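Trainee: The structure file query14.txt (compact mmCIF, C-alpha atoms) is provided below.
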# COMPACT_ATOMS: atom_id res chain seq x y z
CA MET V 130 9.52 3.40 -25.98
CA ASN V 131 7.59 3.56 -29.27
CA ASN V 132 6.64 7.19 -28.69
CA GLY V 133 3.75 8.29 -30.87
CA MET V 134 2.77 4.73 -31.80
CA ASN V 135 -0.53 3.02 -31.08
CA LYS V 136 0.10 1.22 -27.78
CA THR V 137 -2.97 -1.05 -27.96
CA VAL V 138 -2.36 -4.72 -27.19
CA PHE V 139 -4.47 -7.28 -29.10
CA VAL V 140 -5.32 -10.61 -27.48
CA SER V 141 -5.58 -13.58 -29.84
CA TYR V 142 -7.16 -16.72 -28.35
CA SER V 143 -9.50 -19.61 -29.08
CA HIS V 144 -12.88 -20.17 -27.45
CA ASP V 145 -11.95 -23.54 -25.95
CA ASP V 146 -14.57 -23.65 -23.19
CA ASP V 147 -16.27 -21.37 -20.67
CA ASN V 148 -13.44 -21.63 -18.14
CA HIS V 149 -10.82 -20.61 -20.69
CA LYS V 150 -12.94 -17.74 -22.02
CA ALA V 151 -13.43 -16.53 -18.44
CA TRP V 152 -9.68 -16.69 -17.78
CA VAL V 153 -8.91 -14.66 -20.92
CA ASN V 154 -11.60 -12.14 -20.01
CA GLN V 155 -10.12 -11.73 -16.52
CA LEU V 156 -6.66 -11.27 -18.02
CA VAL V 157 -8.00 -8.54 -20.32
CA LEU V 158 -9.80 -6.79 -17.46
CA LYS V 159 -6.73 -6.93 -15.24
CA LEU V 160 -4.49 -5.53 -17.97
CA LYS V 161 -6.92 -2.65 -18.39
CA LYS V 162 -6.93 -2.11 -14.62
CA TYR V 163 -3.17 -1.63 -14.77
CA ARG V 164 -3.36 0.94 -17.55
CA VAL V 165 -2.74 -1.31 -20.55
CA SER V 166 -4.86 -0.52 -23.60
CA VAL V 167 -6.24 -3.92 -24.63
CA LEU V 168 -8.39 -5.14 -27.52
CA SER V 169 -9.91 -8.59 -28.03
CA ASP V 170 -12.84 -10.04 -29.94
CA ILE V 171 -14.95 -9.20 -26.89
CA ASP V 172 -14.67 -5.60 -28.06
CA PHE V 173 -15.76 -6.33 -31.64
CA PRO V 174 -19.28 -4.97 -32.38
CA LEU V 175 -22.08 -7.37 -33.18
CA GLY V 176 -22.68 -7.72 -36.91
CA GLY V 177 -19.18 -6.57 -37.80
CA ASN V 178 -16.86 -8.18 -40.30
CA LEU V 179 -14.77 -10.42 -38.03
CA MET V 180 -12.03 -11.14 -40.56
CA LEU V 181 -11.62 -7.45 -41.34
CA MET V 182 -11.59 -6.49 -37.67
CA MET V 183 -9.04 -9.18 -36.82
CA ASN V 184 -6.86 -8.07 -39.71
CA GLN V 185 -7.03 -4.43 -38.62
CA ALA V 186 -6.34 -5.33 -34.98
CA LEU V 187 -3.29 -7.42 -35.86
CA GLU V 188 -1.96 -4.80 -38.23
CA SER V 189 -2.41 -1.75 -35.99
CA SER V 190 -1.68 -3.18 -32.55
CA TYR V 191 1.55 -2.51 -30.68
CA LYS V 192 1.80 -6.07 -29.35
CA VAL V 193 -0.21 -9.26 -29.80
CA LEU V 194 -0.69 -11.67 -26.90
CA VAL V 195 -1.16 -15.14 -28.35
CA ILE V 196 -2.87 -17.32 -25.73
CA CYS V 197 -1.54 -20.77 -26.57
CA THR V 198 -3.59 -23.86 -25.76
CA ASP V 199 -3.69 -27.27 -27.43
CA ASN V 200 -6.83 -26.19 -29.25
CA TYR V 201 -5.42 -22.82 -30.33
CA ASN V 202 -2.17 -24.36 -31.58
CA ASN V 203 -4.04 -27.02 -33.55
CA LYS V 204 -6.31 -24.43 -35.20
CA ALA V 205 -3.38 -22.12 -35.96
CA ASN V 206 -1.30 -24.91 -37.47
CA ASN V 207 -4.17 -26.17 -39.63
CA GLY V 208 -5.65 -22.84 -40.68
CA LEU V 209 -8.91 -23.39 -38.80
CA GLY V 210 -11.21 -20.60 -37.60
CA GLY V 211 -10.09 -17.25 -36.26
CA ALA V 212 -6.93 -18.70 -34.74
CA GLY V 213 -5.90 -20.08 -38.12
CA TYR V 214 -6.62 -16.77 -39.85
CA GLU V 215 -4.68 -14.76 -37.27
CA SER V 216 -1.78 -17.23 -37.41
CA HIS V 217 -1.64 -16.85 -41.19
CA ILE V 218 -1.34 -13.06 -40.84
CA ALA V 219 1.23 -13.43 -38.05
CA SER V 220 3.36 -15.72 -40.24
CA ALA V 221 3.36 -13.12 -43.01
CA MET V 222 4.33 -10.32 -40.64
CA ILE V 223 7.13 -12.40 -39.10
CA MET V 224 8.41 -13.32 -42.55
CA ALA V 225 8.56 -9.61 -43.39
CA ASN V 226 10.40 -8.80 -40.14
CA GLN V 227 12.26 -11.67 -38.51
CA ASP V 228 13.36 -9.47 -35.58
CA THR V 229 9.86 -8.43 -34.56
CA THR V 230 8.83 -8.83 -30.91
CA LYS V 231 5.23 -7.99 -31.71
CA PHE V 232 3.87 -11.49 -31.04
CA ILE V 233 4.13 -12.72 -27.45
CA PRO V 234 3.14 -16.34 -26.84
CA ILE V 235 1.32 -16.82 -23.51
CA ILE V 236 1.25 -20.51 -22.61
CA ARG V 237 -1.98 -21.44 -20.90
CA ASN V 238 -3.26 -24.99 -21.46
CA VAL V 239 -0.72 -26.97 -23.47
CA SER V 240 -0.44 -30.64 -22.56
CA GLY V 241 2.91 -32.17 -21.70
CA THR V 242 2.61 -34.59 -24.62
CA ASN V 243 2.99 -31.73 -27.09
CA LYS V 244 6.64 -30.88 -27.59
CA ASN V 245 5.70 -27.53 -29.14
CA LYS V 246 4.06 -25.08 -26.75
CA THR V 247 3.29 -22.55 -29.50
CA PRO V 248 1.93 -22.64 -33.04
CA ILE V 249 4.52 -23.42 -35.72
CA SER V 250 4.48 -19.75 -36.76
CA LEU V 251 5.84 -18.76 -33.32
CA LEU V 252 8.36 -21.54 -32.75
CA GLY V 253 11.62 -20.19 -31.38
CA ARG V 254 9.93 -17.12 -29.89
CA SER V 255 10.41 -16.55 -26.16
CA TYR V 256 7.17 -17.03 -24.26
CA LEU V 257 5.57 -16.46 -20.89
CA ASP V 258 4.16 -19.57 -19.23
CA MET V 259 0.97 -18.72 -17.33
CA SER V 260 -0.27 -22.29 -16.94
CA ASN V 261 0.15 -22.32 -13.17
CA ASP V 262 -2.30 -19.96 -11.48
CA GLN V 263 -0.18 -19.96 -8.32
CA ASN V 264 2.44 -17.98 -10.24
CA PHE V 265 -0.06 -15.75 -12.01
CA ASN V 266 0.81 -12.50 -10.24
CA GLU V 267 4.55 -12.96 -10.74
CA ASN V 268 4.06 -13.59 -14.47
CA PHE V 269 1.50 -10.80 -14.77
CA ILE V 270 3.97 -8.31 -13.30
CA THR V 271 6.56 -9.46 -15.87
CA LEU V 272 4.03 -9.06 -18.69
CA VAL V 273 2.97 -5.54 -17.72
CA LYS V 274 6.61 -4.49 -17.26
CA PHE V 275 7.34 -5.66 -20.83
CA LEU V 276 4.24 -4.00 -22.28
CA THR V 277 4.44 -0.65 -20.48
CA GLY V 278 7.79 -0.38 -18.70
CA GLU V 279 5.93 -0.02 -15.37
CA ASP V 280 6.76 -2.07 -12.31
CA ILE V 281 3.38 -2.84 -10.71
CA SER V 282 4.67 -5.25 -8.06
CA TYR V 283 3.91 -2.68 -5.35
CA GLU V 284 0.29 -2.41 -6.47
CA ILE V 285 -0.15 -6.16 -6.95
CA LYS V 286 1.15 -6.79 -3.44
CA ASN V 287 -1.64 -4.66 -2.01
CA GLU V 288 -4.52 -5.97 -4.10
CA ARG V 289 -5.62 -8.09 -1.16
CA PHE V 290 -6.57 -4.90 0.69
CA GLU V 291 -8.75 -3.40 -2.03
CA ASN V 292 -12.05 -4.36 -0.41
CA TYR V 293 -11.16 -3.02 3.02
CA THR V 294 -12.55 0.18 4.50
CA PRO V 295 -10.32 2.12 6.90
CA THR V 296 -12.16 0.75 9.94
CA SER V 297 -12.20 -2.87 8.74
CA TYR V 298 -8.52 -2.67 7.76
CA PHE V 299 -7.49 -1.21 11.12
CA ASP V 300 -9.50 -3.84 12.98
CA TYR V 301 -7.99 -6.61 10.83
CA CYS V 302 -4.46 -5.37 11.63
CA LEU V 303 -5.24 -4.98 15.31
CA LYS V 304 -6.88 -8.37 15.78
CA SER V 305 -4.16 -10.19 13.82
CA THR V 306 -1.47 -8.40 15.86
CA PHE V 307 -3.14 -8.92 19.23
CA PRO V 308 -5.00 -12.25 18.94
CA ASP V 309 -4.39 -12.88 22.64
CA VAL V 310 -6.32 -9.78 23.72
CA ASN V 311 -9.84 -10.23 25.06
CA LEU V 312 -12.58 -8.37 23.23
CA ASN V 313 -13.84 -5.16 24.80
CA LYS V 314 -11.04 -5.13 27.38
CA LEU V 315 -8.15 -2.68 27.72
CA THR V 316 -4.86 -4.58 27.62
CA ASN V 317 -1.38 -3.14 28.21
CA PHE V 318 1.90 -3.93 26.47
CA TYR V 319 5.23 -2.49 27.58
CA GLY V 320 8.63 -1.62 26.11
CA LYS V 321 10.07 -4.12 23.66
CA ASP V 322 6.90 -6.23 23.68
CA ALA V 323 4.91 -3.18 22.58
CA VAL V 324 7.36 -2.31 19.79
CA ASP V 325 7.50 -5.93 18.60
CA ARG V 326 3.72 -5.91 18.26
CA LEU V 327 3.74 -2.56 16.45
CA ASP V 328 6.28 -3.95 13.96
CA TYR V 329 3.79 -6.67 13.15
CA PHE V 330 0.86 -4.24 13.04
CA PHE V 331 2.62 -2.05 10.47
CA GLU V 332 4.25 -4.89 8.52
CA ASP V 333 1.91 -4.54 5.54
CA TYR V 334 1.06 -0.90 6.10
CA LYS V 335 4.63 0.26 5.46
CA ASP V 336 4.09 -0.55 1.77
CA PHE V 337 0.31 -0.17 1.71
CA THR V 338 -0.94 1.95 -1.20
CA ASN V 339 -3.93 3.15 0.85
CA ASN V 340 -1.73 4.31 3.69
CA ASP V 341 -4.09 7.00 4.90
CA PHE V 342 -6.23 4.37 6.63
CA VAL V 343 -4.45 4.67 10.00
CA TRP V 344 -4.43 8.02 11.82
CA TRP V 345 -3.29 9.34 15.19
CA PHE V 346 -5.72 11.46 17.18
CA ARG V 347 -5.28 14.06 19.92
CA GLY V 348 -7.55 16.91 18.89
CA SER V 349 -5.38 17.59 15.89
CA ASP V 350 -4.99 14.46 13.79
CA ASN V 351 -2.98 13.20 10.86
CA ALA V 352 -2.58 10.13 8.68
CA VAL V 353 0.33 7.85 9.48
CA HIS V 354 2.31 7.57 6.24
CA HIS V 355 5.54 6.18 7.69
CA TYR V 356 6.47 3.77 10.46
CA GLN V 357 9.99 2.87 11.58
CA ARG V 358 11.38 0.94 14.53
CA VAL V 359 14.28 2.88 16.04
CA SER V 360 15.08 0.70 19.07
CA ASP V 361 13.42 -1.74 21.45
CA SER V 362 11.42 1.14 22.94
CA LYS V 363 11.41 3.85 20.28
CA ILE V 364 9.50 4.23 17.01
CA MET V 365 9.01 6.89 14.37
CA LEU V 366 5.56 7.75 13.08
CA GLY V 367 6.05 10.18 10.27
CA ASP V 368 8.67 12.68 11.49
CA THR V 369 7.94 12.17 15.20
CA LEU V 370 10.07 10.09 17.56
CA TYR V 371 8.23 8.31 20.36
CA ASP V 372 9.82 6.58 23.36
CA ILE V 373 7.08 4.17 24.33
CA SER V 374 6.28 3.57 27.96
CA SER V 375 3.29 1.40 27.08
CA ILE V 376 0.48 0.89 24.61
CA THR V 377 -3.05 0.00 25.62
CA VAL V 378 -5.03 -2.03 23.09
CA TYR V 379 -8.80 -1.99 22.81
CA SER V 380 -9.97 -4.78 20.51
CA ALA V 381 -13.65 -4.06 20.07
CA GLN V 382 -16.38 -6.49 19.18
CA ALA V 383 -17.84 -3.59 17.20
CA TYR V 384 -14.87 -3.42 14.81
CA TYR V 385 -15.06 0.32 14.17
CA GLN V 386 -14.40 1.08 17.87
CA SER V 387 -10.95 -0.56 18.03
CA PHE V 388 -7.99 1.67 18.92
CA ILE V 389 -4.49 1.73 20.45
CA TYR V 390 -3.64 4.22 23.19
CA PHE V 391 0.02 5.32 23.44
CA ASP V 392 1.72 6.41 26.66
CA ILE V 393 4.98 8.17 25.73
CA LYS V 394 8.01 8.71 27.99
CA PRO V 395 9.78 12.10 28.03
CA GLU V 396 13.06 12.53 26.13
CA ASN V 397 15.94 14.66 27.35
CA PRO V 398 16.06 18.13 25.75
CA THR V 399 18.57 18.40 22.92
CA GLY V 400 20.24 21.51 24.36
CA LEU V 401 19.70 23.35 21.08
CA TYR V 402 17.23 25.73 22.72
CA PRO V 403 18.68 26.81 26.11
CA GLY V 404 16.04 29.50 26.51
CA LEU V 405 13.18 27.02 26.18
CA ASN V 406 10.98 27.03 29.29
CA ILE V 407 9.37 23.60 29.39
CA GLN V 408 7.01 24.46 32.23
CA ASP V 409 5.59 27.46 30.35
CA ILE V 410 4.83 25.19 27.39
CA VAL V 411 3.24 22.58 29.68
CA ASN V 412 1.09 25.26 31.30
CA GLU V 413 -0.21 26.24 27.86
CA PHE V 414 -0.52 22.86 26.11
CA GLY V 415 -0.33 20.19 28.81
CA TYR V 416 2.93 18.77 27.45
CA SER V 417 6.17 19.97 25.86
CA TRP V 418 8.09 19.06 22.73
CA GLU V 419 11.10 20.01 20.62
CA GLU V 420 11.55 20.11 16.87
CA TYR V 421 15.06 19.72 15.50
CA ALA V 422 16.87 18.16 12.54
CA ILE V 423 19.60 15.61 12.04
CA TYR V 424 22.31 16.55 9.54
CA LYS V 425 25.28 14.24 9.02
CA ASN V 426 24.78 12.78 12.53
CA MET V 427 24.64 16.27 14.06
CA LEU V 428 21.62 17.86 15.70
CA ILE V 429 20.70 21.25 14.25
CA LYS V 430 17.90 23.70 14.95
CA SER V 431 14.66 23.34 13.06
CA ASN V 432 15.03 26.88 11.67
CA ASP V 433 18.25 25.77 9.97
CA TYR V 434 16.36 22.88 8.41
CA TYR V 435 13.65 25.16 7.02
CA ASN V 436 16.23 27.71 5.85
CA GLY V 437 18.17 24.93 4.09
CA ALA V 438 21.52 25.80 5.67
CA THR V 439 23.40 25.59 8.97
CA VAL V 440 26.75 26.59 10.44
CA VAL V 441 29.36 23.87 11.10
CA ASN V 442 32.60 24.89 12.82
CA GLY V 443 31.89 28.50 11.95
CA ILE V 444 31.36 27.75 8.25
CA PRO V 445 27.92 28.01 6.60
CA GLN V 446 26.82 24.81 4.85
CA ARG V 447 23.87 24.16 2.59
CA LEU V 448 21.90 21.12 3.67
CA ASN V 449 21.13 19.99 0.10
CA GLY V 450 18.25 17.83 1.29
CA GLU V 451 20.51 15.75 3.55
CA ALA V 452 18.84 16.78 6.83
CA LYS V 453 15.86 15.04 8.43
CA ILE V 454 13.35 16.90 10.60
CA VAL V 455 12.39 15.26 13.92
CA THR V 456 9.95 16.06 16.70
CA HIS V 457 10.21 14.51 20.16
CA TYR V 458 8.51 15.10 23.50
CA THR V 459 10.33 16.46 26.55
CA THR V 460 7.44 15.59 28.88
CA LYS V 461 5.02 12.71 29.05
CA TYR V 462 2.67 12.58 26.06
CA ASN V 463 -0.20 10.44 24.82
CA PHE V 464 -2.32 9.89 21.73
CA ILE V 465 -4.69 7.41 20.10
CA LEU V 466 -4.12 5.36 16.96
CA ALA V 467 -7.28 4.40 15.09
CA ALA V 468 -8.89 4.20 11.66
CA SER V 469 -9.33 7.41 9.69
CA SER V 470 -13.12 6.98 9.52
CA SER V 471 -13.57 5.71 13.06
CA PRO V 472 -15.68 7.52 15.68
CA TYR V 473 -12.42 8.98 17.04
CA SER V 474 -12.18 11.21 13.98
CA SER V 475 -15.51 12.92 14.75
CA GLU V 476 -15.63 16.68 15.14
CA SER V 477 -17.37 16.36 18.51
CA LEU V 478 -14.46 14.37 19.96
CA ARG V 479 -11.86 16.54 18.28
CA ARG V 480 -13.09 19.55 20.29
CA ILE V 481 -12.68 17.89 23.69
CA LEU V 482 -9.90 15.35 23.11
CA PRO V 483 -6.92 17.61 23.99
CA GLU V 484 -8.45 18.33 27.39
CA VAL V 485 -9.33 14.67 27.93
CA MET V 486 -5.85 13.44 26.98
CA ASN V 487 -4.19 16.05 29.19
CA ALA V 488 -6.40 14.95 32.08
CA ILE V 489 -5.19 11.36 31.58
CA LEU V 490 -1.58 12.62 31.54
CA SER V 491 -2.07 14.43 34.85
CA ASN V 492 -3.88 11.44 36.41
CA LYS V 493 -7.14 13.37 36.71
CA LEU V 494 -8.90 10.89 34.43
CA ASP V 495 -8.50 7.17 33.88
CA LEU V 496 -8.53 5.66 30.39
CA GLU V 497 -11.10 3.09 31.51
CA VAL V 498 -13.47 5.91 32.51
CA VAL V 499 -12.83 7.78 29.24
CA LEU V 500 -13.58 4.62 27.28
CA LYS V 501 -16.86 4.03 29.06
CA ASP V 502 -18.11 7.60 29.37
CA ILE V 503 -16.86 9.11 26.10
CA PHE V 504 -15.39 6.75 23.50
CA LEU V 505 -18.07 4.06 23.49
CA ARG V 506 -20.81 6.69 23.28
CA LEU V 507 -19.48 8.06 20.01
CA PRO V 508 -21.71 7.11 17.06
CA LYS V 509 -20.47 5.00 14.17
CA ARG V 510 -19.48 7.15 11.23
CA SER V 511 -21.06 6.42 7.85
Written as structure tokens, how would this file's structure read?
Mentor:
Amino acid sequence: MNNGMNKTVFVSYSHDDDNHKAWVNQLVLKLKKYRVSVLSDIDFPLGGNLMLMMNQALESSYKVLVICTDNYNNKANNGLGGAGYESHIASAMIMANQDTTKFIPIIRNVSGTNKNKTPISLLGRSYLDMSNDQNFNENFITLVKFLTGEDISYEIKNERFENYTPTSYFDYCLKSTFPDVNLNKLTNFYGKDAVDRLDYFFEDYKDFTNNDFVWWFRGSDNAVHHYQRVSDSKIMLGDTLYDISSITVYSAQAYYQSFIYFDIKPENPTGLYPGLNIQDIVNEFGYSWEEYAIYKNMLIKSNDYYNGATVVNGIPQRLNGEAKIVTHYTTKYNFILAASSSPYSSESLRRILPEVMNAILSNKLDLEVVLKDIFLRLPKRS
């Protein structure tokens, strides 16, 4: 769209009062935030020739946003001030090119008694009505899409999270999901109840732009980039399938200490690996797992997935990106869900956590004891 052209957008408005100037300034700043090159009289240097600069801005800009108010329309119609001057130039440009879409009326403060929402020079032009601040985001998304071709609805949706840190966001999600949990007490949820709560916990996070805020921890650790409910007891976190026996929630008064402990039930082996000795794996790691892939509703070996091909009824078939890798656990398993910058991400805990979690699995340690003797002694991370 207009490749090679100046893509700067000029904002034409009148200085009605401080509130209106502040609104226009916020609009300009927000457009810049979403990668729109914007110019207004705020950018004009002190001592410059205003008429010349307005003329150059109108002439060279890609689009002109005309912020229509009663005051602006009156000045434009009667040739008063900067609005009148800019309207005069706009009229000439429209006369020269009747099909131009360069001038975009933005309706802001136009009283209902005025039948015309725009200056006479822009009558008959389609406009965007931004009078109602409750609909601002919806209209702003439309405006940016027209100016740049970008759909920013995903980013706008998540603006409310911009001031969160990973620990404050995790604690917000946890406390809003488990408002019935007492502070500083371990509380269990089972089966469908646990999965229902996790659905709510991840409701925003599924589309959250900062979706490296929530991590799972067990010595090795990774950000949770994907959550999916599979059934009333099963979920996917990333590529891993978990059959949940229970979750234990710790809603901390010190927000950065909040976490969710997961107790995972064993899944039946797939049968893809008949030579797999589960006990040998448990002896080495404390638990056992399988990695496989799903291709057209069939289970295939993980090596086939990584090789990009499998054999179906004796015939080799390329997977062509249609397979999905999955990991599941064939013994009991456990892990912790917490904020990426929480104490649970510390190097000191990372070194001992596999042993601690395995001890909980084998009933040699109790989570309550681990909380008191280890977790709550971890320092807050900066």
Trainee: Select from region 296-385 of chain V every residue with an atom at most 10 Å from any atom of region 393-413 of chain V, then for each give the shortest pair of atoms and their distance in Å to one decimal, using only C-alpha atoms, rows by chain and rising number, as JSON lines.
Mentor:
{"residue": "V:Ser362", "atom": "CA", "partner": "V:Lys394", "partner_atom": "CA", "distance": 9.7}
{"residue": "V:Lys363", "atom": "CA", "partner": "V:Ile393", "partner_atom": "CA", "distance": 9.5}
{"residue": "V:Leu370", "atom": "CA", "partner": "V:Glu396", "partner_atom": "CA", "distance": 9.4}
{"residue": "V:Tyr371", "atom": "CA", "partner": "V:Ile393", "partner_atom": "CA", "distance": 6.3}
{"residue": "V:Asp372", "atom": "CA", "partner": "V:Lys394", "partner_atom": "CA", "distance": 5.4}
{"residue": "V:Ile373", "atom": "CA", "partner": "V:Ile393", "partner_atom": "CA", "distance": 4.7}
{"residue": "V:Ser374", "atom": "CA", "partner": "V:Ile393", "partner_atom": "CA", "distance": 5.3}
{"residue": "V:Ser375", "atom": "CA", "partner": "V:Ile393", "partner_atom": "CA", "distance": 7.1}
{"residue": "V:Ile376", "atom": "CA", "partner": "V:Ile393", "partner_atom": "CA", "distance": 8.6}
Trainee: If I take CA of Asn463 (chain V) and CA of Asp392 (chain V), how far is one from the other in Å, to one decimal?
Mentor: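 According to the coordinates, CA of Asn463 (chain V) and CA of Asp392 (chain V) are separated by 4.8 Å.
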Trainee: Between V:Gly367, V:Pro248, V:Pro483, V:Gly450, which has the minimum distance to Trp344 (chain V) (counting all atoms listed in the file)?
Mentor: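 When distances to Trp344 (chain V) are compared using all atoms listed in the file, the smallest one comes from V:Gly367.
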Trainee: Could you jot down the CA of Arg510 (chain V) to CA of Thr316 (chain V) separation for me, Å, one decimal place?
Mentor: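 Atom-to-atom, CA of Arg510 (chain V) and CA of Thr316 (chain V) are spaced 24.9 Å apart.
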Trainee: So, counting all atoms listed in the file, which residue among V:His144, V:Lys425, V:Lys304, V:Arg326 is closest to Ile196 (chain V)?
Mentor: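 With all atoms listed in the file as the atom set, the closest residue is V:His144.
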Trainee: Would you mind listing what lies within 9 Å of Ser305 (chain V) as JSON, numbers by chain, with only C-alpha atoms counted and same-chain residues fewer than 4 positions away left out?
Mentor: {"V": [300, 301, 329, 330]}
Trainee: When you write region 280-303 of chain V out from the block above, keep N, CA and C atoms and present the result as a PDB file, in the first residue's frame, please.
Mentor:
ATOM      1  N   ASP V 280      -3.627  -5.176  12.174  1.00  0.00           N
ATOM      2  CA  ASP V 280      -4.680  -5.434  13.157  1.00  0.00           C
ATOM      3  C   ASP V 280      -4.028  -5.465  14.538  1.00  0.00           C
ATOM      4  N   ILE V 281      -4.291  -4.431  15.350  1.00  0.00           N
ATOM      5  CA  ILE V 281      -3.651  -4.335  16.664  1.00  0.00           C
ATOM      6  C   ILE V 281      -4.596  -4.748  17.790  1.00  0.00           C
ATOM      7  N   SER V 282      -5.701  -5.405  17.452  1.00  0.00           N
ATOM      8  CA  SER V 282      -6.677  -5.764  18.483  1.00  0.00           C
ATOM      9  C   SER V 282      -6.057  -6.660  19.544  1.00  0.00           C
ATOM     10  N   TYR V 283      -5.154  -7.549  19.137  1.00  0.00           N
ATOM     11  CA  TYR V 283      -4.464  -8.432  20.077  1.00  0.00           C
ATOM     12  C   TYR V 283      -3.655  -7.627  21.084  1.00  0.00           C
ATOM     13  N   GLU V 284      -2.946  -6.619  20.597  1.00  0.00           N
ATOM     14  CA  GLU V 284      -2.116  -5.796  21.485  1.00  0.00           C
ATOM     15  C   GLU V 284      -2.968  -4.905  22.379  1.00  0.00           C
ATOM     16  N   ILE V 285      -4.032  -4.335  21.815  1.00  0.00           N
ATOM     17  CA  ILE V 285      -4.917  -3.475  22.600  1.00  0.00           C
ATOM     18  C   ILE V 285      -5.546  -4.259  23.745  1.00  0.00           C
ATOM     19  N   LYS V 286      -5.939  -5.491  23.458  1.00  0.00           N
ATOM     20  CA  LYS V 286      -6.580  -6.329  24.472  1.00  0.00           C
ATOM     21  C   LYS V 286      -5.696  -6.488  25.694  1.00  0.00           C
ATOM     22  N   ASN V 287      -4.388  -6.514  25.483  1.00  0.00           N
ATOM     23  CA  ASN V 287      -3.465  -6.794  26.573  1.00  0.00           C
ATOM     24  C   ASN V 287      -2.804  -5.550  27.150  1.00  0.00           C
ATOM     25  N   GLU V 288      -3.275  -4.381  26.757  1.00  0.00           N
ATOM     26  CA  GLU V 288      -2.705  -3.157  27.323  1.00  0.00           C
ATOM     27  C   GLU V 288      -2.864  -3.105  28.837  1.00  0.00           C
ATOM     28  N   ARG V 289      -3.948  -3.693  29.335  1.00  0.00           N
ATOM     29  CA  ARG V 289      -4.208  -3.604  30.770  1.00  0.00           C
ATOM     30  C   ARG V 289      -3.149  -4.325  31.594  1.00  0.00           C
ATOM     31  N   PHE V 290      -2.312  -5.139  30.946  1.00  0.00           N
ATOM     32  CA  PHE V 290      -1.283  -5.866  31.673  1.00  0.00           C
ATOM     33  C   PHE V 290       0.095  -5.201  31.593  1.00  0.00           C
ATOM     34  N   GLU V 291       0.179  -4.060  30.937  1.00  0.00           N
ATOM     35  CA  GLU V 291       1.491  -3.482  30.644  1.00  0.00           C
ATOM     36  C   GLU V 291       2.290  -3.120  31.895  1.00  0.00           C
ATOM     37  N   ASN V 292       1.612  -2.781  32.979  1.00  0.00           N
ATOM     38  CA  ASN V 292       2.315  -2.352  34.180  1.00  0.00           C
ATOM     39  C   ASN V 292       2.593  -3.492  35.156  1.00  0.00           C
ATOM     40  N   TYR V 293       2.244  -4.714  34.754  1.00  0.00           N
ATOM     41  CA  TYR V 293       2.511  -5.855  35.627  1.00  0.00           C
ATOM     42  C   TYR V 293       3.944  -6.337  35.476  1.00  0.00           C
ATOM     43  N   THR V 294       4.514  -6.812  36.587  1.00  0.00           N
ATOM     44  CA  THR V 294       5.735  -7.611  36.552  1.00  0.00           C
ATOM     45  C   THR V 294       5.311  -9.072  36.528  1.00  0.00           C
ATOM     46  N   PRO V 295       6.219  -9.996  36.210  1.00  0.00           N
ATOM     47  CA  PRO V 295       5.823 -11.404  36.224  1.00  0.00           C
ATOM     48  C   PRO V 295       5.229 -11.853  37.556  1.00  0.00           C
ATOM     49  N   THR V 296       5.826 -11.427  38.664  1.00  0.00           N
ATOM     50  CA  THR V 296       5.326 -11.873  39.969  1.00  0.00           C
ATOM     51  C   THR V 296       3.978 -11.242  40.298  1.00  0.00           C
ATOM     52  N   SER V 297       3.797  -9.962  39.985  1.00  0.00           N
ATOM     53  CA  SER V 297       2.510  -9.326  40.293  1.00  0.00           C
ATOM     54  C   SER V 297       1.410  -9.863  39.380  1.00  0.00           C
ATOM     55  N   TYR V 298       1.760 -10.179  38.124  1.00  0.00           N
ATOM     56  CA  TYR V 298       0.763 -10.751  37.212  1.00  0.00           C
ATOM     57  C   TYR V 298       0.343 -12.141  37.675  1.00  0.00           C
ATOM     58  N   PHE V 299       1.316 -12.984  38.023  1.00  0.00           N
ATOM     59  CA  PHE V 299       0.995 -14.330  38.481  1.00  0.00           C
ATOM     60  C   PHE V 299       0.117 -14.272  39.729  1.00  0.00           C
ATOM     61  N   ASP V 300       0.475 -13.403  40.657  1.00  0.00           N
ATOM     62  CA  ASP V 300      -0.297 -13.295  41.896  1.00  0.00           C
ATOM     63  C   ASP V 300      -1.704 -12.784  41.613  1.00  0.00           C
ATOM     64  N   TYR V 301      -1.828 -11.828  40.681  1.00  0.00           N
ATOM     65  CA  TYR V 301      -3.156 -11.335  40.289  1.00  0.00           C
ATOM     66  C   TYR V 301      -4.002 -12.477  39.728  1.00  0.00           C
ATOM     67  N   CYS V 302      -3.431 -13.279  38.821  1.00  0.00           N
ATOM     68  CA  CYS V 302      -4.167 -14.396  38.237  1.00  0.00           C
ATOM     69  C   CYS V 302      -4.554 -15.410  39.308  1.00  0.00           C
ATOM     70  N   LEU V 303      -3.611 -15.705  40.198  1.00  0.00           N
ATOM     71  CA  LEU V 303      -3.877 -16.708  41.218  1.00  0.00           C
ATOM     72  C   LEU V 303      -4.967 -16.252  42.186  1.00  0.00           C
TER      73      LEU V 303
END
